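Please read the structure below before turning to the comments.
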Amino acid sequence: MSAQTDTQAEAALACVELQSDDLVAITTDVWSCFLDEEVYPMPEDAAGLDAESVLASVGIVGAWGGHVLLELPVAGAEAAAKRMLDLEEVTALEIVDALGELTNMVGGNVKSLLPPTCHLGLPMVVQGTVAPAAGTDTIEICRAFLGWADTTVRVSVWAKTNRDRNGLAT
Amino acid sequence: MKILIVDDSRVMRQIVTRTLRQAGFTGHELVEADNGRAGLEAVIEHSPNLVLSDWNMPEMNGIDMLEALRSRGQSVPFCFVTSEGSPEMVTKAEAAGAMFVITKPFTPESFREKLEAVLGS
């Protein structure tokens with residue numbers, strides 16, 4: 001078996017093993033360290049993410065290609081930024097910065113479950129509706145919903161569609 | 001001591017500052033930079049005793065900053081504070097001259113454990 005095939009096999013295995021529980025564990029770890037309040041898994045039908053949200057994503061390139069997406073309602077994103085900065089009021093820029101960092105940490109820890117030849121990009125943050133915000137060239141392969149401080153956190157992992165279901169180049 | 005905190009996120013620089021305080025490292029002078037290039041300039045300008053740097057940043061990333069420092073003969077103790085703590089990245093960081101890597105998310109306890117030898121208790 002060639003070195004390239006070995007890498008692809010490892011990548012496939014890593015992605016197959018990426019489960020909703022992994023996203024819950026990673027997000028819980030990040031939230032408990034920096035937002036200091038209990039976060040808990042919640043069923044998808046109770047999530048209620050219909051309102052305008054803040055969406056933050058970070059790309060992963062290399063042996064696996066895709067990105068990690070974090071979504072919170074606008075009020076929830078503002079609450080997260082206030083908690084991270086320990087402030088009573090935050091600016092739009094501070095919300096973008098805080099959500100970008102949260103996504104960076106979740107993405108970095110997701111990346112640790114992928115092949116070692118992957119690289120993390122810089123986070124991007126936008127405000128909008130939830131719909132297929134991740135773009136047309138990706139498919140969602142894993143997601144989790146968590147509750148925190150009267151709001152919902154949606155975490156999902158998306159793989160490039162010009163690769164196979166495991167994110168491998170076709 | 002003087003500590004240089006390098007991170008493109010102002011929120012994260014603030015959290016690092018707060019965590020240093022919570023870990024018991026008080027009374028140190030803190031200097032900030034928002035990317036590796038600004039960090040390089042800050043090392044020259046401020047001569048810090050310790051650099052705590054993010055890895056992924058625009059303009060210049062943390063590993064390029066560290067390599068640039070070492071190529072200029074700068075031996076300031078350097079620690080990565082990054083969301084990417086894979087064994088491969090730790091190996092790469094240490095090969096470039098970093099003392100250690102603190103993985104985000106971190107706690108005051110992890111700061112104390114890693115930094116006590118540099119900053120004292």
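FYI, nothing fancy with the structure tokens labels: chains A, B, ... in order, residues from 1 per chain, ligands from 1 as they appear.
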Fewer than 3 positions away in the same chain doesn't count, so skip those; otherwise give me all residues within 10 Å of A:Val54, counting only C-alpha atoms, as a PyMOL selection string.
-> chain A and resi 51+70-78+95-96+99+125-130
Sorted per-residue table, chain B near chain A, closest atoms and distance, 6 Å, only C-alpha atoms, as JSON lines:
{"residue": "B:Val11", "atom": "CA", "partner": "A:Ala98", "partner_atom": "CA", "distance": 6.0}
{"residue": "B:Ser83", "atom": "CA", "partner": "A:Gly108", "partner_atom": "CA", "distance": 4.8}
{"residue": "B:Glu84", "atom": "CA", "partner": "A:Gly108", "partner_atom": "CA", "distance": 5.0}
{"residue": "B:Ser86", "atom": "CA", "partner": "A:Ser112", "partner_atom": "CA", "distance": 5.8}
{"residue": "B:Pro105", "atom": "CA", "partner": "A:Val30", "partner_atom": "CA", "distance": 5.4}
Would you write out those residues with N, CA and C atoms, as an mmCIF file, in the first residue's frame?
data_model
loop_
_atom_site.group_PDB
_atom_site.id
_atom_site.type_symbol
_atom_site.label_atom_id
_atom_site.label_comp_id
_atom_site.auth_asym_id
_atom_site.auth_seq_id
_atom_site.Cartn_x
_atom_site.Cartn_y
_atom_site.Cartn_z
ATOM 1 N N VAL B 11 -10.049 39.391 22.036
ATOM 2 C CA VAL B 11 -10.740 38.631 23.078
ATOM 3 C C VAL B 11 -9.783 37.616 23.706
ATOM 4 N N SER B 83 -5.063 26.570 19.548
ATOM 5 C CA SER B 83 -6.134 25.564 19.529
ATOM 6 C C SER B 83 -5.668 24.267 18.889
ATOM 7 N N GLU B 84 -4.465 24.266 18.350
ATOM 8 C CA GLU B 84 -3.951 23.074 17.684
ATOM 9 C C GLU B 84 -2.804 22.473 18.488
ATOM 10 N N SER B 86 -1.815 19.148 18.427
ATOM 11 C CA SER B 86 -1.536 17.778 17.990
ATOM 12 C C SER B 86 -0.062 17.450 18.239
ATOM 13 N N PRO B 105 -8.948 25.001 24.574
ATOM 14 C CA PRO B 105 -9.155 25.876 25.719
ATOM 15 C C PRO B 105 -8.243 25.497 26.873
#
Taking the chain letters and numbering used in this document, name the residues of stretch 24-120 of chain B that DSSP puts in strand (DSSP E), as JSON, numbers by chain.
-> {"B": [29, 30, 31, 32, 33, 50, 51, 52, 53, 78, 79, 80, 81, 82, 100, 101, 102, 103]}
Taking the chain letters and numbering used in this document, name the residues of stretch 8-97 of chain B that DSSP puts in helix (DSSP H, G or I), as a PyMOL selection string.
-> chain B and resi 10-22+36-46+62-71+87-96
Please save N, CA and C atoms of the selected residues as a CSV table (one decimal), in the first residue's frame.
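This is the output file selection36.csv:
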chain,number,residue,atom,x,y,z
B,10,ARG,N,-8.4,40.0,20.0
B,10,ARG,CA,-8.3,40.8,21.2
B,10,ARG,C,-9.0,40.1,22.3
B,11,VAL,N,-10.0,39.4,22.0
B,11,VAL,CA,-10.7,38.6,23.1
B,11,VAL,C,-9.8,37.6,23.7
B,12,MET,N,-9.0,36.9,22.9
B,12,MET,CA,-8.1,35.9,23.4
B,12,MET,C,-7.0,36.5,24.2
B,13,ARG,N,-6.5,37.7,23.7
B,13,ARG,CA,-5.4,38.3,24.5
B,13,ARG,C,-5.9,38.7,25.8
B,14,GLN,N,-7.2,39.1,25.9
B,14,GLN,CA,-7.8,39.5,27.2
B,14,GLN,C,-7.9,38.3,28.1
B,15,ILE,N,-8.3,37.2,27.5
B,15,ILE,CA,-8.5,35.9,28.3
B,15,ILE,C,-7.1,35.4,28.8
B,16,VAL,N,-6.1,35.5,27.9
B,16,VAL,CA,-4.8,35.1,28.4
B,16,VAL,C,-4.3,36.0,29.5
B,17,THR,N,-4.6,37.3,29.4
B,17,THR,CA,-4.2,38.2,30.5
B,17,THR,C,-5.0,37.8,31.8
B,18,ARG,N,-6.3,37.6,31.7
B,18,ARG,CA,-7.1,37.2,32.9
B,18,ARG,C,-6.6,35.9,33.4
B,19,THR,N,-6.3,34.9,32.6
B,19,THR,CA,-5.9,33.6,33.0
B,19,THR,C,-4.5,33.7,33.8
B,20,LEU,N,-3.6,34.5,33.3
B,20,LEU,CA,-2.4,34.7,34.0
B,20,LEU,C,-2.6,35.2,35.4
B,21,ARG,N,-3.5,36.1,35.5
B,21,ARG,CA,-3.9,36.7,36.8
B,21,ARG,C,-4.5,35.6,37.7
B,22,GLN,N,-5.4,34.8,37.1
B,22,GLN,CA,-6.1,33.8,37.9
B,22,GLN,C,-5.1,32.7,38.3
B,36,GLY,N,2.2,37.9,14.0
B,36,GLY,CA,3.6,37.5,14.2
B,36,GLY,C,4.6,38.6,13.8
B,37,ARG,N,4.2,39.4,12.8
B,37,ARG,CA,5.1,40.5,12.3
B,37,ARG,C,5.2,41.6,13.4
B,38,ALA,N,4.0,41.9,13.9
B,38,ALA,CA,4.0,42.9,15.0
B,38,ALA,C,4.7,42.3,16.3
B,39,GLY,N,4.6,41.0,16.4
B,39,GLY,CA,5.2,40.4,17.6
B,39,GLY,C,6.7,40.5,17.5
B,40,LEU,N,7.2,40.3,16.3
B,40,LEU,CA,8.7,40.4,16.0
B,40,LEU,C,9.2,41.8,16.4
B,41,GLU,N,8.4,42.8,16.0
B,41,GLU,CA,8.8,44.2,16.3
B,41,GLU,C,8.7,44.4,17.8
B,42,ALA,N,7.7,43.8,18.4
B,42,ALA,CA,7.5,44.0,19.8
B,42,ALA,C,8.7,43.4,20.6
B,43,VAL,N,9.2,42.3,20.2
B,43,VAL,CA,10.3,41.7,20.9
B,43,VAL,C,11.5,42.6,20.8
B,44,ILE,N,11.8,43.2,19.7
B,44,ILE,CA,12.9,44.1,19.5
B,44,ILE,C,12.7,45.3,20.4
B,45,GLU,N,11.5,45.9,20.4
B,45,GLU,CA,11.2,47.1,21.1
B,45,GLU,C,11.2,46.9,22.6
B,46,HIS,N,10.6,45.8,23.0
B,46,HIS,CA,10.3,45.7,24.5
B,46,HIS,C,11.2,44.7,25.2
B,62,GLY,N,2.6,32.2,14.0
B,62,GLY,CA,3.5,32.1,15.2
B,62,GLY,C,4.7,31.3,14.9
B,63,ILE,N,4.7,30.2,14.1
B,63,ILE,CA,5.9,29.4,13.9
B,63,ILE,C,6.9,30.2,13.1
B,64,ASP,N,6.4,31.0,12.1
B,64,ASP,CA,7.3,31.8,11.3
B,64,ASP,C,7.9,32.9,12.2
B,65,MET,N,7.1,33.4,13.1
B,65,MET,CA,7.7,34.4,14.0
B,65,MET,C,8.8,33.8,14.9
B,66,LEU,N,8.5,32.6,15.4
B,66,LEU,CA,9.5,32.0,16.2
B,66,LEU,C,10.8,31.7,15.4
B,67,GLU,N,10.6,31.2,14.2
B,67,GLU,CA,11.8,30.9,13.4
B,67,GLU,C,12.6,32.1,13.1
B,68,ALA,N,11.9,33.2,12.8
B,68,ALA,CA,12.5,34.5,12.5
B,68,ALA,C,13.3,35.0,13.7
B,69,LEU,N,12.7,34.8,14.9
B,69,LEU,CA,13.4,35.3,16.1
B,69,LEU,C,14.7,34.5,16.3
B,70,ARG,N,14.6,33.2,16.2
B,70,ARG,CA,15.8,32.3,16.4
B,70,ARG,C,16.9,32.6,15.4
B,71,SER,N,16.4,32.8,14.1
B,71,SER,CA,17.4,33.1,13.1
B,71,SER,C,18.2,34.4,13.3
B,87,PRO,N,0.3,16.2,18.4
B,87,PRO,CA,1.7,15.8,18.6
B,87,PRO,C,2.6,16.3,17.5
B,88,GLU,N,2.1,16.3,16.3
B,88,GLU,CA,2.9,16.8,15.2
B,88,GLU,C,3.3,18.3,15.4
B,89,MET,N,2.3,19.1,15.8
B,89,MET,CA,2.5,20.5,15.9
B,89,MET,C,3.4,20.8,17.1
B,90,VAL,N,3.2,20.0,18.2
B,90,VAL,CA,4.1,20.1,19.4
B,90,VAL,C,5.6,19.8,19.0
B,91,THR,N,5.7,18.8,18.2
B,91,THR,CA,7.1,18.4,17.8
B,91,THR,C,7.7,19.5,16.9
B,92,LYS,N,6.9,20.1,16.0
B,92,LYS,CA,7.3,21.2,15.1
B,92,LYS,C,7.7,22.4,16.0
B,93,ALA,N,6.8,22.7,16.9
B,93,ALA,CA,7.1,23.9,17.8
B,93,ALA,C,8.4,23.7,18.6
B,94,GLU,N,8.6,22.6,19.1
B,94,GLU,CA,9.8,22.3,20.0
B,94,GLU,C,11.0,22.3,19.1
B,95,ALA,N,10.9,21.8,17.9
B,95,ALA,CA,12.0,21.8,17.0
B,95,ALA,C,12.4,23.2,16.6
B,96,ALA,N,11.5,24.1,16.5
B,96,ALA,CA,11.8,25.5,16.2
B,96,ALA,C,12.3,26.3,17.4
Skipping near chain neighbours, those fewer than 6 positions away, what residues fall within 10 Å of stretch 112-120 of chain B using only C-alpha atoms, listed as a ChimeraX atom specification?
-> /B:1-3,19-20,22-26,28,49-50,77,79,99-102
How far is it from atom CA of B:Ser110 to atom CA of A:Met124, in Å with one decimal?
->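 Atom-to-atom, atom CA of B:Ser110 to atom CA of A:Met124, that is 28.1 Å.
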Atomic separation - atom CA of A:Val157 relative to atom CA of A:Cys118, Å =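 Going from atom CA of A:Cys118 over to atom CA of A:Val157, I get 14.5 Å.
Between atom CA of B:Asp8 and atom CA of A:Glu89 there is a distance of 21.3 Å.
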Pick out the residues sitting within 10 Å of A:Glu38, and hand them over as a list in words; count only C-alpha atoms, and ignore anything fewer than 2 positions along from it in its own chain.
->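 Once the adjacent positions are removed, what remains is Thr28, Trp31, Ser32, Leu35, Asp36, Tyr40, Gly147, Trp148 and Ala149 of chain A.
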Name all residues at most 7 Å from B:Ile5 (count only C-alpha atoms; drop same-chain ones fewer than 4 positions away) and give them as number ranges by chain.
-> B: 13, 31-33, 51-53
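Nearest residue to A:Ala79 among A:Glu140, A:Ala92, A:Pro43, A:His67 is A:Ala92, counting only C-alpha atoms.
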Which residues, written as a PyMOL selection string, have at least one atom at most 6 Å from B:Thr103, with only C-alpha atoms counted and residues fewer than 6 positions away on the same chain left out?
-> chain B and resi 81-83+85
